[in-house]
>>> print(open('data.txt').read())   # compact mmCIF, C-alpha atoms
# COMPACT_ATOMS: atom_id res chain seq x y z
CA MET A 1 96.93 74.78 146.44
CA LEU A 2 95.45 77.77 148.25
CA LYS A 3 97.61 80.88 148.61
CA VAL A 4 97.45 84.44 149.91
CA PRO A 5 96.05 86.94 147.35
CA LYS A 6 98.78 89.14 145.87
CA HIS A 7 96.49 92.01 145.00
CA GLN A 8 94.32 92.49 148.10
CA VAL A 9 94.38 96.18 149.14
CA ALA A 10 91.95 96.31 152.08
CA GLY A 11 90.28 94.18 154.72
CA HIS A 12 91.76 91.33 156.76
CA ILE A 13 94.98 90.12 155.12
CA ALA A 14 96.30 86.59 155.67
CA ARG A 15 99.78 87.23 157.01
CA ASP A 16 101.73 86.84 160.24
CA GLY A 17 99.46 83.99 161.31
CA LYS A 18 96.27 86.02 160.88
CA LEU A 19 93.05 84.78 159.35
CA GLY A 20 92.36 86.19 155.89
CA PRO A 21 91.20 85.34 152.36
CA LEU A 22 92.91 82.83 150.09
CA VAL A 23 92.82 82.18 146.34
CA ASN A 24 93.54 79.25 144.04
CA ASP A 25 94.82 79.00 140.48
CA GLU A 26 91.32 78.36 139.15
CA GLY A 27 90.15 81.93 139.72
CA GLN A 28 88.34 81.43 143.02
CA PHE A 29 88.50 83.61 146.13
CA PHE A 30 87.96 82.02 149.56
CA LYS A 31 86.78 84.45 152.22
CA PRO A 32 86.66 83.05 155.78
CA LEU A 33 83.35 83.41 157.57
CA GLN A 34 83.92 85.76 160.48
CA GLY A 35 83.50 84.13 163.87
CA ASP A 36 80.47 86.15 164.93
CA SER A 37 77.19 86.56 163.06
CA ARG A 38 78.77 88.71 160.34
CA GLY A 39 80.17 85.79 158.39
CA GLN A 40 76.91 83.87 158.34
CA HIS A 41 75.07 87.08 157.52
CA GLU A 42 77.26 87.67 154.47
CA ALA A 43 76.75 84.10 153.25
CA GLU A 44 72.99 84.52 153.66
CA PHE A 45 73.13 87.73 151.62
CA TYR A 46 74.89 85.98 148.75
CA GLU A 47 72.31 83.18 148.86
CA SER A 48 69.47 85.70 148.80
CA PHE A 49 70.97 87.96 146.17
CA SER A 50 71.97 85.21 143.74
CA SER A 51 68.45 83.77 143.72
CA ASN A 52 66.46 87.02 143.95
CA LYS A 53 64.47 87.36 140.73
CA ASN A 54 63.76 91.02 141.51
CA VAL A 55 67.42 91.89 140.92
CA PRO A 56 67.83 92.81 137.23
CA HIS A 57 70.00 90.38 135.28
CA HIS A 58 72.50 93.08 134.19
CA ILE A 59 73.14 94.07 137.82
CA HIS A 60 74.57 90.67 138.74
CA ARG A 61 77.75 91.42 136.75
CA TYR A 62 78.69 94.02 139.38
CA PHE A 63 78.82 91.42 142.15
CA PRO A 64 81.33 88.57 142.49
CA LYS A 65 79.86 85.25 141.41
CA TYR A 66 78.98 83.12 144.44
CA TYR A 67 79.79 79.40 144.62
CA GLY A 68 78.50 78.65 148.12
CA THR A 69 80.56 77.88 151.21
CA GLN A 70 83.33 75.34 151.67
CA LEU A 71 85.52 74.02 154.47
CA VAL A 72 89.19 74.72 153.65
CA LEU A 73 92.43 74.94 155.57
CA ALA A 74 92.51 78.39 157.13
CA SER A 75 95.37 80.80 156.58
CA ASN A 76 96.14 81.02 160.31
CA GLY A 77 96.87 77.31 160.62
CA CYS A 78 93.92 76.47 162.89
CA GLY A 79 92.55 73.75 160.63
CA ARG A 80 89.53 73.70 158.35
CA LEU A 81 87.09 76.60 158.60
CA PRO A 82 84.05 77.56 156.51
CA HIS A 83 84.80 80.02 153.71
CA ILE A 84 82.58 81.84 151.23
CA VAL A 85 83.73 80.89 147.70
CA LEU A 86 83.60 83.70 145.13
CA ASP A 87 85.11 84.70 141.82
CA ASP A 88 88.61 86.11 142.20
CA VAL A 89 87.88 89.30 140.26
CA VAL A 90 91.56 90.02 139.50
CA SER A 91 92.49 86.51 138.34
CA GLY A 92 92.39 87.50 134.66
CA TYR A 93 94.91 90.31 135.09
CA SER A 94 98.69 89.94 135.14
CA ASN A 95 99.50 93.28 136.84
CA PRO A 96 96.20 94.81 137.99
CA SER A 97 95.86 98.26 139.50
CA VAL A 98 93.27 97.95 142.28
CA MET A 99 91.35 100.42 144.45
CA ASP A 100 88.89 99.77 147.28
CA VAL A 101 86.39 102.58 148.01
CA LYS A 102 84.01 102.26 150.97
CA ILE A 103 80.70 103.90 150.05
CA GLY A 104 78.31 105.81 152.33
CA SER A 105 78.41 108.80 154.65
CA ARG A 106 78.06 106.43 157.63
CA THR A 107 79.16 102.85 158.16
CA TRP A 108 77.00 102.18 161.22
CA TYR A 109 73.29 101.37 161.07
CA PRO A 110 70.33 100.98 163.46
CA ASP A 111 70.38 98.45 166.30
CA VAL A 112 74.16 97.94 166.42
CA SER A 113 75.94 97.69 169.75
CA GLU A 114 77.21 100.86 171.41
CA GLU A 115 80.78 99.58 171.02
CA TYR A 116 80.37 99.05 167.27
CA PHE A 117 78.62 102.41 166.85
CA ASN A 118 81.43 104.27 168.65
CA LYS A 119 84.06 102.47 166.58
CA CYS A 120 82.30 103.34 163.31
CA ILE A 121 81.48 106.95 164.11
CA LYS A 122 85.08 107.60 165.18
CA LYS A 123 86.49 106.22 161.93
CA ASP A 124 83.82 107.91 159.82
CA LYS A 125 84.69 111.32 161.28
CA GLU A 126 88.44 110.79 161.04
CA THR A 127 88.23 109.89 157.35
CA THR A 128 86.33 111.41 154.41
CA THR A 129 83.31 109.16 155.03
CA VAL A 130 81.26 111.96 156.60
CA SER A 131 82.53 114.85 154.47
CA LEU A 132 82.48 113.10 151.06
CA GLY A 133 80.18 110.13 151.50
CA PHE A 134 83.00 107.71 150.73
CA ARG A 135 86.57 106.94 151.73
CA LEU A 136 89.50 105.18 150.14
CA SER A 137 90.31 101.99 152.04
CA GLY A 138 93.40 101.07 150.03
CA PHE A 139 94.84 100.92 146.54
CA LYS A 140 97.83 99.86 144.49
CA THR A 141 98.97 100.82 141.02
CA PHE A 142 101.37 99.12 138.66
CA ASP A 143 104.29 101.42 137.85
CA HIS A 144 105.25 100.24 134.36
CA GLN A 145 108.36 102.43 134.39
CA GLU A 146 109.73 100.53 137.40
CA SER A 147 107.91 97.25 136.59
CA SER A 148 106.69 97.10 140.16
CA PHE A 149 103.64 97.94 142.25
CA TRP A 150 103.28 101.07 144.35
CA ARG A 151 100.99 100.91 147.35
CA PRO A 152 100.64 103.60 150.03
CA GLU A 153 100.40 102.48 153.64
CA LYS A 154 96.89 101.87 154.98
CA LYS A 155 97.35 104.41 157.77
CA LEU A 156 98.31 107.06 155.22
CA VAL A 157 95.30 106.31 153.00
CA LEU A 158 92.83 106.47 155.88
CA GLY A 159 94.26 109.88 156.76
CA TYR A 160 93.48 111.35 153.34
CA ASN A 161 91.50 114.59 153.17
CA VAL A 162 89.44 115.78 150.20
CA ASP A 163 92.48 116.99 148.23
CA SER A 164 94.37 113.78 148.97
CA VAL A 165 91.48 111.68 147.66
CA ARG A 166 91.37 113.72 144.46
CA LEU A 167 95.13 113.32 144.05
CA ALA A 168 94.95 109.56 144.67
CA LEU A 169 92.22 109.12 142.04
CA ARG A 170 94.46 110.97 139.59
CA LYS A 171 97.55 108.94 140.49
CA TYR A 172 95.56 105.77 140.00
CA VAL A 173 95.23 106.52 136.26
CA SER A 174 98.60 108.18 135.62
CA SER A 175 101.62 106.88 133.72
CA ASN A 176 104.28 108.90 135.55
CA SER A 177 105.79 107.27 138.62
CA PRO A 178 103.56 107.57 141.72
CA THR A 179 106.67 107.56 143.91
CA ASP A 180 107.73 110.98 142.60
CA SER A 181 106.12 113.41 145.03
CA ASN A 182 107.19 116.37 142.88
CA SER A 183 105.50 115.06 139.76
CA ILE A 184 101.95 116.13 138.91
CA PRO A 185 99.86 113.07 137.95
CA ASN A 186 99.36 113.18 134.19
CA CYS A 187 96.14 111.10 134.17
CA ALA A 188 97.38 109.42 130.98
CA PHE A 189 95.01 106.49 131.40
CA ALA A 190 92.01 108.50 132.62
CA PHE A 191 89.90 108.17 129.48
CA GLU A 192 90.66 104.47 128.97
CA VAL A 193 89.91 103.63 132.63
CA TYR A 194 87.32 106.16 133.81
CA GLY A 195 85.79 107.17 130.46
CA GLY A 196 84.40 105.45 127.38
CA SER A 197 81.39 103.19 127.00
CA ASN A 198 82.96 100.39 129.07
CA GLY A 199 84.88 102.49 131.58
CA VAL A 200 84.43 102.96 135.31
CA LEU A 201 82.09 105.96 134.97
CA ALA A 202 79.72 104.13 132.61
CA GLN A 203 79.57 101.18 135.01
CA LEU A 204 79.00 103.42 138.03
CA LEU A 205 76.14 105.17 136.23
CA VAL A 206 74.46 101.79 135.63
CA LEU A 207 74.72 101.07 139.35
CA LYS A 208 73.43 104.55 140.19
CA ALA A 209 70.34 104.02 138.01
CA TRP A 210 69.59 100.81 139.93
CA PHE A 211 70.19 102.33 143.37
CA GLU A 212 67.80 105.15 142.50
CA ILE A 213 64.96 102.62 142.42
CA GLN A 214 66.05 99.50 144.32
CA THR A 215 64.52 99.00 147.77
CA LEU A 216 65.54 95.36 148.30
CA TYR A 217 68.72 95.89 150.32
CA HIS A 218 70.62 98.51 152.30
CA PHE A 219 74.33 98.09 151.62
CA ASN A 220 75.94 99.28 154.84
CA SER A 221 79.75 99.48 154.93
CA CYS A 222 80.13 98.00 151.44
CA SER A 223 82.89 98.85 148.99
CA ILE A 224 83.36 99.48 145.31
CA LEU A 225 86.38 97.63 143.94
CA MET A 226 87.94 99.08 140.80
CA VAL A 227 90.40 97.08 138.69
CA TYR A 228 92.23 97.79 135.45
CA GLN A 229 95.48 96.95 133.71
CA ASN A 230 97.64 99.77 132.31
CA GLU A 231 99.97 97.44 130.42
CA SER A 232 97.08 96.54 128.13
CA ILE A 233 96.63 100.22 127.32
CA LEU A 234 100.29 100.70 126.42
CA MET A 235 100.54 97.59 124.25
CA LYS A 236 99.55 98.06 120.63
CA GLY A 237 96.80 95.62 119.79
CA GLY A 238 96.14 95.00 123.48
CA ASP A 239 92.76 94.59 125.12
CA GLY A 240 92.67 98.08 126.58
CA ALA A 241 92.25 98.90 130.25
CA GLN A 242 89.73 96.10 130.92
CA ALA A 243 88.25 98.38 133.60
CA GLN A 244 86.01 96.53 136.00
CA VAL A 245 83.76 97.64 138.86
CA LYS A 246 82.53 95.25 141.55
CA LEU A 247 80.63 95.68 144.82
CA VAL A 248 82.19 93.73 147.69
CA ASP A 249 81.88 93.21 151.48
CA PHE A 250 78.32 92.37 152.48
CA ALA A 251 78.56 91.45 156.17
CA HIS A 252 76.32 94.39 157.14
CA VAL A 253 73.67 94.37 154.41
CA LEU A 254 70.12 94.75 155.73
CA ASP A 255 66.67 94.26 154.24
CA GLY A 256 65.60 97.41 152.40
CA ASN A 257 61.97 97.13 153.56
CA GLY A 258 60.79 99.06 150.53
CA VAL A 259 63.00 102.10 151.25
CA ILE A 260 65.70 103.45 148.93
CA ASP A 261 69.25 103.11 150.27
CA HIS A 262 69.99 106.85 150.42
CA ASN A 263 73.23 106.34 152.36
CA PHE A 264 74.83 104.24 149.63
CA LEU A 265 73.23 106.21 146.79
CA GLY A 266 74.48 109.53 148.17
CA GLY A 267 78.03 108.24 148.54
CA LEU A 268 77.94 106.72 145.06
CA CYS A 269 76.80 110.04 143.56
CA SER A 270 79.63 111.84 145.35
CA PHE A 271 82.20 109.35 144.06
CA ILE A 272 80.81 109.65 140.52
CA LYS A 273 81.28 113.43 140.68
CA PHE A 274 84.97 113.00 141.52
CA ILE A 275 85.43 110.69 138.52
CA LYS A 276 83.56 113.11 136.26
CA ASP A 277 85.68 116.04 137.46
CA ILE A 278 88.90 114.20 136.59
CA LEU A 279 87.62 113.34 133.10
CA GLN A 280 86.52 116.94 132.57
CA SER A 281 89.90 118.32 133.67
CA VAL A 282 91.69 115.95 131.29
CA ASP A 283 89.43 117.00 128.41
CA GLN A 284 90.08 120.67 129.15
CA CYS A 285 93.84 120.05 129.26
CA ASN A 286 93.73 118.24 125.91
CA GLU A 287 91.67 121.04 124.34
CA THR A 288 94.23 123.58 125.58
CA ASN A 289 97.12 121.58 124.14
CA VAL A 290 95.39 121.21 120.77
CA SER A 291 94.61 124.93 120.70
CA GLN A 292 98.24 125.80 121.42
CA LEU A 293 99.41 123.55 118.59
CA ASP A 294 96.90 125.09 116.16
CA ASN A 295 97.86 128.65 117.08
CA GLY A 296 101.60 128.05 117.15
CA PRO A 297 104.08 129.66 119.56
>>> encode(input="data.txt", output="structure tokens")
Amino acid sequence: MLKVPKHQVAGHIARDGKLGPLVNDEGQFFKPLQGDSRGQHEAEFYESFSSNKNVPHHIHRYFPKYYGTQLVLASNGCGRLPHIVLDDVVSGYSNPSVMDVKIGSRTWYPDVSEEYFNKCIKKDKETTTVSLGFRLSGFKTFDHQESSFWRPEKKLVLGYNVDSVRLALRKYVSSNSPTDSNSIPNCAFAFEVYGGSNGVLAQLLVLKAWFEIQTLYHFNSCSILMVYQNESILMKGGDGAQAQVKLVDFAHVLDGNGVIDHNFLGGLCSFIKFIKDILQSVDQCNETNVSQLDNGP
């Protein structure tokens, strides 16, 4: 009963005979262990993290729940392979808008091979990783006007510059159609998704407070996954945006050795500033509109 995830926006996708993650109807996500040491390394991280009593209890909610490893039929048809079993973080959403943001001003780390270093540094320089401390890896939004998803091509997303990233973060929380290149994103869902006591910004600030003091791990080449549902905002009596933030992709996590993870923390702070700027611009726009109504034509 395993199937290809409908809402995966980055990473290895199980299609055209390629190996990739699978999901079931019980809300579980099966990620194949990569053939080299990375897969085993990620499994070992989950084992360590889930049992580490030095990780505050409230921080665990920002990581997918780990259920161990399991042999399942692989997506590429090569038989049973070991998979990490996690929570499928989008299983509770009918039409989730999803964004994957890789955090850090560098994705390489000490003692990697020259080949891996060259691959990382090339991609870091070609994207906003170096200039912003993060890059968008992929995203999709549900266009309720068309009752369909809009997802830009991966190559296009990786080519984003600073202005493109800002525009994408605005499109992600807008109600006007993302396919209309002449339309300015209205950020109609910005407060419900990014703002409020349970929004993305509040969750990111909790993570930031932990990363300012945690020296247990260095999260190299990890991503922040953002999920929300705009239909719930539009429906009267709905559950709201149900905004959720998760950290994902831990194949390159290293021991912190008592040192703060400045690479991840710096990128997280940069990303937080972009979210704050959007919320501030929306507030200023609303104040202007209210002022114009009060003063009349």
>>> closest_atom_pairs(input="data.txt", of="range 85-123 of chain A", to="range 168-177 of chain A", cutoff="10 Å", atoms="only C-alpha atoms", output="CSV")
residue,atom,partner,partner_atom,distance
A:Ser97,CA,A:Tyr172,CA,7.5
A:Val98,CA,A:Tyr172,CA,8.5
A:Met99,CA,A:Tyr172,CA,8.1
>>> closest_residue(input="data.txt", among="A:Gly35, A:Pro5, A:Gly267, A:Pro110", to="Val90 in chain A", atoms="all atoms listed in the file")
A:Pro5
>>> residues_around(input="data.txt", residues="Leu19 in chain A", least_positions_apart="2", cutoff="7 Å", atoms="only C-alpha atoms", output="MDAnalysis selection string")
chainID A and resid 14 17 74:76
>>> closest_residue(input="data.txt", among="A:Val23, A:Thr128, A:Val245, A:Arg15", to="Val206 in chain A", atoms="all atoms listed in the file")
A:Val245
>>> closest_residue(input="data.txt", among="A:Leu279, A:Leu265, A:Val112, A:Ala243", to="Met226 in chain A", atoms="all atoms listed in the file")
A:Ala243
>>> axis_aligned_box(input="data.txt", around="range 14-32 of chain A", padding_each_side="4 Å", output="AutoDock Vina command-line options")
--center_x 94.2 --center_y 82.8 --center_z 150.2 --size_x 23.1 --size_y 16.9 --size_z 30.2
>>> closest_residue(input="data.txt", among="A:Val72, A:Ile275, A:Leu205, A:Val89", to="Gly27 in chain A", atoms="all atoms listed in the file")
A:Val89
>>> residues_around(input="data.txt", residues="Ile84 in chain A", least_positions_apart="3", cutoff="7 Å", atoms="only C-alpha atoms", output="ChimeraX atom specification")
/A:30-33,43,68-70
>>> atom_distance(input="data.txt", atom1="CA of Gly199 in chain A", atom2="CA of Gly11 in chain A")
25.2 Å
>>> residues_around(input="data.txt", residues="His58 in chain A", least_positions_apart="4", cutoff="12 Å", atoms="all atoms listed in the file", output="ChimeraX atom specification")
/A:53-54,62-63,203,206-207,209-210
>>> atom_distance(input="data.txt", atom1="CA of Glu212 in chain A", atom2="CA of Gly266 in chain A")
9.8 Å
>>> closest_residue(input="data.txt", among="A:Gly196, A:Pro152, A:Pro82, A:Gly104", to="Phe139 in chain A", atoms="all atoms listed in the file")
A:Pro152
>>> closest_residue(input="data.txt", among="A:Gln214, A:Lys208, A:Gly195, A:His252", to="Ile278 in chain A", atoms="all atoms listed in the file")
A:Gly195
>>> residues_around(input="data.txt", residues="Thr107 in chain A", least_positions_apart="5", cutoff="7 Å", atoms="all atoms listed in the file", output="short mmCIF file (atom, residue, chain, number, x, y, z; two decimals) with C-alpha atoms, keeping the file's coordinate frame")
data_model
loop_
_atom_site.label_atom_id
_atom_site.label_comp_id
_atom_site.auth_asym_id
_atom_site.auth_seq_id
_atom_site.Cartn_x
_atom_site.Cartn_y
_atom_site.Cartn_z
CA CYS A 120 82.30 103.34 163.31
CA ASN A 220 75.94 99.28 154.84
CA SER A 221 79.75 99.48 154.93
#
>>> residues_around(input="data.txt", residues="Lys155 in chain A", least_positions_apart="6", cutoff="12 Å", atoms="only C-alpha atoms", output="PyMOL selection string")
chain A and resi 10+123+126-127+136-138
>>> atom_distance(input="data.txt", atom1="CA of Gly133 in chain A", atom2="CA of Ser164 in chain A")
14.9 Å
>>> residues_near_point(input="data.txt", point="(72.9, 85.5, 154.9)", cutoff="12 Å", atoms="only C-alpha atoms", output="PyMOL selection string")
chain A and resi 33+37-50+68-69+84+250-255
